[in-house]
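*Asks:* Dropping a structure here in structure tokens format, bear with me for questions.
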There are 2 protein chains.
Amino acid sequence: MDKINICEKLDLFNDYWSPKILGEVNESYVKIAKLKGEFLWHIHEKEDEMFYVLKGLLIIKFRDKDVILNEGEFLIIPKGIEHMPVAEEEVQVMLIEAKTTLNTGGIRNERTVEKLERI
Amino acid sequence: MDKINICEKLDLFNDYWSPKILGEVNESYVKIAKLKGEFLWHIHEKEDEMFYVLKGLLIIKFRDKDVILNEGEFLIIPKGIEHMPVAEEEVQVMLIEAKTTLNTGGIRNERTVEKLERI
């Protein structure tokens with residue numbers, strides 16, 4: 001049982017859209033990721049997903065609105081809601097997600113990360 | 001589905017050791033709390049618990065060691081491990097906990113908060 005310094009962990013990688021697992025709390029993983037550019041429209045049919053912005057500005061697009069998240073803000077996207085994260089500049093986020101959550105939701109393509117790295 | 005600004009929520013209360021619910025992600029609550037002084041030794045027999053320090057310095061005492069958490073650091077305390085948080089000065093934390101988690105674990109006394117406020 002060791003403490004984790006999030007900034008130190010963020011310094012360990014530079015790839016975008018590839019969440020890393022920092023720990024697990026009950027049925028959830030605590031992850032961090034760096035995001036830049038557009039992701040893809042997707043849905044997590046059975047899992048809520050929490051995006052907490054550590055650095056930068058993240059836009060989460062929905063079919064009927066955009067939500068803009070600044071540093072220190074979070075959004076919980078309920079299961080079943082289609083969304084697409086967009087980061088015009090690099091954004092650093094912490095994610096709280098069910099262990100079963102796939103980054104691309106119900107879609108599997110070249111952006112899917114099947115096996116997440118633990119750092 | 002609204003975004004949450006954690007600093008704004010922290011400004012809404014001043015009581016210590018009384019976690020407030022900000023949202024829910026699957027089986028977990030996202031909570032914030034202000035801590036000052038000593039809490040009490042307790043165990044969550046069935047639930048892991050995540051302490052993430054937003055501001056200040058938090059000591060989490062275990063029977064065999066102390067863990068000191070600075071701003072931007074977190075610790076996940078696995079279920080079944082006895083612990084006691086101590087804050088010499090005010091600390092602000094985010095907690096990720098199972099919805100079933102009671103702040104005092106297996107103990108019920110005057111420090112137990114049975115019904116958490118949502119803010």
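All residue names refer to the structure tokens as shown: chains lettered A, B, ... in order, residues numbered from 1 in each chain, ligands numbered from 1 in order.
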Pull out every residue of chain B sitting within 7 Å of chain A, counting only C-alpha atoms, and send them as a list in words.
*Replies:*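 Written out as asked, the residues are Asp2, Lys3, Ile4, Asn5, Ile6, Val25, Asn26, Glu47, Asp48, Glu49, Met50, Gly72, Glu73, Phe74, Leu75, Ile76 and Ala98 of chain B.
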*Asks:* Find the residues near Ile43 in chain B: any atom within 10 Å, counting only C-alpha atoms, skip ones fewer than 6 places away on the same chain, and give them as a ChimeraX atom specification.
*Replies:* /B:77-84,102-107
*Asks:* Tell me, in Å to one decimal, how far CA of Glu117 in chain B is from CA of Thr101 in chain A.
*Replies:*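 Calculated distance between CA of Glu117 in chain B and CA of Thr101 in chain A is 28.8 Å.
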*Asks:* Name the residues of range 3-34 of chain A that fall into strand (DSSP E or B) according to DSSP on the backbone, using the chain letters and numbers of this document, as a PyMOL selection string.
*Replies:* chain A and resi 4-5+16+20-25+28-34
*Asks:* One decimal, Å: what's the distance from CA of Gly37 in chain B over to CA of Thr100 in chain B, could you say?
*Replies:*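 For CA of Gly37 in chain B relative to CA of Thr100 in chain B, the distance reads 24.9 Å.
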*Asks:* Taking the chain letters and numbering used in this document, name the residues of chain B that DSSP puts in alpha helix (DSSP H), as a list in words.
*Replies:*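 Here is the list: Ile6, Cys7, Glu8, Lys9 and Leu10 of chain B.
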*Asks:* Quick one, how far is CA of Ala33 in chain A from CA of Asp11 in chain B?
*Replies:* 28.2 Å
